[in-house]
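Asker: First the structure, which I've put down as structure tokens, then a few questions once you've had a look.
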Amino acid sequence: MSNAEISPRKIIQQERPTPDELVPSRYAVQVGEIEVVVISDGMLTPPAESMATNANPAERGAWLDERFLSKEAFDWALNAVVVRSGDQTILIDSGIGEEYPDFPRAGQFGHRLEAAGVDLESVTDVVLTHMHFDHVGGLLVEGVKERMRADLRVHVSAAEAKFWKSPDFSLTAMPPALADLARKASLEFMDMFGSHLRTFDEQSEVAPGVVVARTGGHTPGHSVVRISSRGERLMFGGDALFPVSFDHPEWHNGFEHDPEEATRVRLRLMKELAETGSWLVSTHMPFPSVGRVAAAGDLYRWVPAWWDY
Ligand SMILES: [Zn+2]
């Protein structure tokens with residue numbers, strides 16, 4: 001049977017996790033009355049130099065060596081989040097989807113979401129930190145849009161929506177083929193979900209205790225989500241902070257459209273996180289990517305959560 005003969009719903013059902021998945025690939029955190037579930041989309045493996053494009057190669061090599069990491073490809077986690085606040089179910093980002101054969105270990109958000117008991121039909125809101133393909137790709141998978149509600153709200157900053165009408169890649173270190181993929185994914189996304197957009201300038205309360213706020217830097221409209229309830233806080237940091245950012249906030253990531261501004265943004269966010277003690281979840285920190293940020297002299301330290309299981 002060819003793919004064309006299988007209905008989209010059937011495709012999703014056939015991709016349900018097999019029993020040989022090593023871990024459930026989801027991790028739940030309670031923030032006051034709000035439930036946050038981190039779901040792994042899998043792993044990306046970009047070239048290690050894209051983690052620090054402006055670094056001295058010897059220093060970058062030493063950083064990798066000290067952590068027993070490959071100098072060729074970097075095992076880059078890809079996480080998305082489900083938030084339940086009141087009667088709303090909110091997806092924050094959606095993983096990379098299925099269109100990118102170069103990243104065979106990613107694109108698992110759809111079936112892992114279903115395995116976590118979250119029906120696409122129940123999702124009331126989507127929040128996008130930005131419109132790169134590893135964040136919107138999961139929404140472009142065949143059959144996904146059809147299963148989502150007709151009154152779905154998609155929250156993205158106005159600056160982000162504007163940027164992708166004529167995106168500038170001149171300060172990134174993305175190979176032309178990846179830049180083309182990024183352009184294509186953003187166009188496809190706007191085509192499919194443009195009529196669902198709820199844009200905001202600086203920030204917007206998506207649900208009680210769930211506020212999305214523009215930071216800029218990584219992309220002009222890049223945003224983070226601050227979740228707070230009963231005195232507890234958690235920030236979803238999107239692509240503001242990477243594994244190298246704590247030791248080297250000045251290292252540019254190859255996917256940053258304004259790397260100088262991205263450095264200022266991460267320093268500002270790390271200061272805020274260290275001062276407030278808020279939990280942080282980031283797209284590309286190792287799963288489950290739940291931790292806190294501590295001040296350490298002039299720098300900051302990532303303090304992973306001790307798993308509760
Ligand atoms: Zn990303």
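Quick note on naming: the chains in the structure tokens go A, B, ... in the order shown, residues restart at 1 in each chain, and ligands are numbered from 1 in order of appearance.
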Which residues, written as number ranges by chain, have at least one atom at most 12 Å from Gly254 (chain A), with only C-alpha atoms counted and residues fewer than 2 positions away on the same chain left out?

Answerer: A: 46-55, 169-175, 178-179, 218-219, 239, 242, 251-252, 256-260, 262

Asker: Any idea what's packed within 12 Å of region 207-209 of chain A, counting only C-alpha atoms, ignoring anything in its chain fewer than 5 positions away? Could you give it as an NGL selection string?

Answerer: :A and (31-35 or 83-91 or 124-127 or 153 or 155 or 225-235)

Asker: Check which residues fall inside 10 Å of ligand 1 when counting only C-alpha atoms and all ligand atoms, and print them as a ChimeraX atom specification.

Answerer: /A:44,76-79,93,95-96,129-136,218,238-240,242,255-256,282-284

Asker: Next, the residues of the selection above should be written as a PDB file, in the first residue's frame with N, CA and C atoms.

Answerer:
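As a result, out-v1.pdb now contains:
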ATOM      1  N   LEU A  44      18.927  16.270  17.264  1.00  0.00           N
ATOM      2  CA  LEU A  44      19.507  16.792  16.026  1.00  0.00           C
ATOM      3  C   LEU A  44      21.026  16.632  16.135  1.00  0.00           C
ATOM      4  N   TRP A  76      22.300  17.386  19.809  1.00  0.00           N
ATOM      5  CA  TRP A  76      21.545  18.560  20.228  1.00  0.00           C
ATOM      6  C   TRP A  76      20.112  18.130  20.514  1.00  0.00           C
ATOM      7  N   ALA A  77      19.704  18.193  21.775  1.00  0.00           N
ATOM      8  CA  ALA A  77      18.345  17.803  22.142  1.00  0.00           C
ATOM      9  C   ALA A  77      17.334  18.731  21.460  1.00  0.00           C
ATOM     10  N   LEU A  78      16.129  18.228  21.272  1.00  0.00           N
ATOM     11  CA  LEU A  78      15.047  19.042  20.708  1.00  0.00           C
ATOM     12  C   LEU A  78      13.787  18.762  21.526  1.00  0.00           C
ATOM     13  N   ASN A  79      13.415  19.750  22.347  1.00  0.00           N
ATOM     14  CA  ASN A  79      12.281  19.574  23.255  1.00  0.00           C
ATOM     15  C   ASN A  79      11.146  20.530  22.920  1.00  0.00           C
ATOM     16  N   ASP A  93       5.809  25.280  20.795  1.00  0.00           N
ATOM     17  CA  ASP A  93       6.627  24.707  19.725  1.00  0.00           C
ATOM     18  C   ASP A  93       6.186  23.269  19.412  1.00  0.00           C
ATOM     19  N   GLY A  95       8.603  20.741  17.576  1.00  0.00           N
ATOM     20  CA  GLY A  95       9.615  19.848  17.006  1.00  0.00           C
ATOM     21  C   GLY A  95       9.782  20.065  15.510  1.00  0.00           C
ATOM     22  N   ILE A  96      10.503  19.148  14.875  1.00  0.00           N
ATOM     23  CA  ILE A  96      10.966  19.378  13.497  1.00  0.00           C
ATOM     24  C   ILE A  96      10.061  18.755  12.435  1.00  0.00           C
ATOM     25  N   THR A 129       7.946  30.021  19.968  1.00  0.00           N
ATOM     26  CA  THR A 129       9.050  30.884  20.393  1.00  0.00           C
ATOM     27  C   THR A 129       9.629  31.602  19.183  1.00  0.00           C
ATOM     28  N   HIS A 130       9.629  30.926  18.037  1.00  0.00           N
ATOM     29  CA  HIS A 130      10.046  31.532  16.771  1.00  0.00           C
ATOM     30  C   HIS A 130       9.691  30.547  15.665  1.00  0.00           C
ATOM     31  N   MET A 131       9.941  30.940  14.412  1.00  0.00           N
ATOM     32  CA  MET A 131       9.423  30.143  13.302  1.00  0.00           C
ATOM     33  C   MET A 131      10.480  29.316  12.564  1.00  0.00           C
ATOM     34  N   HIS A 132      11.594  28.991  13.227  1.00  0.00           N
ATOM     35  CA  HIS A 132      12.548  28.050  12.620  1.00  0.00           C
ATOM     36  C   HIS A 132      11.893  26.680  12.453  1.00  0.00           C
ATOM     37  N   PHE A 133      12.408  25.919  11.455  1.00  0.00           N
ATOM     38  CA  PHE A 133      11.733  24.661  11.106  1.00  0.00           C
ATOM     39  C   PHE A 133      11.766  23.619  12.225  1.00  0.00           C
ATOM     40  N   ASP A 134      12.756  23.712  13.147  1.00  0.00           N
ATOM     41  CA  ASP A 134      12.774  22.722  14.241  1.00  0.00           C
ATOM     42  C   ASP A 134      11.777  23.092  15.350  1.00  0.00           C
ATOM     43  N   HIS A 135      11.021  24.165  15.139  1.00  0.00           N
ATOM     44  CA  HIS A 135      10.013  24.586  16.118  1.00  0.00           C
ATOM     45  C   HIS A 135       8.591  24.539  15.536  1.00  0.00           C
ATOM     46  N   VAL A 136       8.470  24.748  14.213  1.00  0.00           N
ATOM     47  CA  VAL A 136       7.139  24.695  13.588  1.00  0.00           C
ATOM     48  C   VAL A 136       6.899  23.397  12.810  1.00  0.00           C
ATOM     49  N   HIS A 218      17.870  35.713  18.873  1.00  0.00           N
ATOM     50  CA  HIS A 218      17.991  34.521  18.019  1.00  0.00           C
ATOM     51  C   HIS A 218      17.307  34.768  16.664  1.00  0.00           C
ATOM     52  N   GLY A 238      13.054  28.654  24.857  1.00  0.00           N
ATOM     53  CA  GLY A 238      13.238  28.522  23.407  1.00  0.00           C
ATOM     54  C   GLY A 238      14.712  28.407  23.052  1.00  0.00           C
ATOM     55  N   ASP A 239      15.171  29.211  22.103  1.00  0.00           N
ATOM     56  CA  ASP A 239      16.555  29.143  21.627  1.00  0.00           C
ATOM     57  C   ASP A 239      17.401  30.297  22.159  1.00  0.00           C
ATOM     58  N   ALA A 240      17.045  30.816  23.339  1.00  0.00           N
ATOM     59  CA  ALA A 240      17.871  31.877  23.933  1.00  0.00           C
ATOM     60  C   ALA A 240      19.116  31.286  24.588  1.00  0.00           C
ATOM     61  N   PHE A 242      21.683  27.798  25.114  1.00  0.00           N
ATOM     62  CA  PHE A 242      22.148  26.501  24.610  1.00  0.00           C
ATOM     63  C   PHE A 242      23.105  25.877  25.633  1.00  0.00           C
ATOM     64  N   PHE A 255      22.786  29.495  14.157  1.00  0.00           N
ATOM     65  CA  PHE A 255      21.392  29.702  13.747  1.00  0.00           C
ATOM     66  C   PHE A 255      20.852  31.056  14.206  1.00  0.00           C
ATOM     67  N   GLU A 256      21.691  31.856  14.828  1.00  0.00           N
ATOM     68  CA  GLU A 256      21.242  33.152  15.343  1.00  0.00           C
ATOM     69  C   GLU A 256      21.257  34.210  14.251  1.00  0.00           C
ATOM     70  N   SER A 282      14.555  24.508  28.216  1.00  0.00           N
ATOM     71  CA  SER A 282      15.001  25.072  26.942  1.00  0.00           C
ATOM     72  C   SER A 282      14.869  24.046  25.837  1.00  0.00           C
ATOM     73  N   THR A 283      14.666  24.539  24.639  1.00  0.00           N
ATOM     74  CA  THR A 283      14.498  23.642  23.498  1.00  0.00           C
ATOM     75  C   THR A 283      15.675  22.688  23.340  1.00  0.00           C
ATOM     76  N   HIS A 284      16.891  23.227  23.453  1.00  0.00           N
ATOM     77  CA  HIS A 284      18.058  22.426  23.056  1.00  0.00           C
ATOM     78  C   HIS A 284      18.979  22.046  24.213  1.00  0.00           C
TER      79      HIS A 284
END

Asker: Quick one: distance from CA of Ser289 (chain A) to CA of Ser204 (chain A) in Å, one decimal?

Answerer: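 Taking CA of Ser289 (chain A) as the start and CA of Ser204 (chain A) as the end point, the length is 24.3 Å.
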
Asker: Between A:Asp180, A:Asp119, A:Asp65, A:Glu160, which residue has the minimum interatomic distance to Pro220 (chain A), considering only C-alpha atoms?

Answerer: A:Glu160

Asker: Check the DSSP output for the backbone and give back, as a ChimeraX atom specification, the residues of region 17-83 of chain A in strand (DSSP E).

Answerer: /A:26-31,34-44,76-83
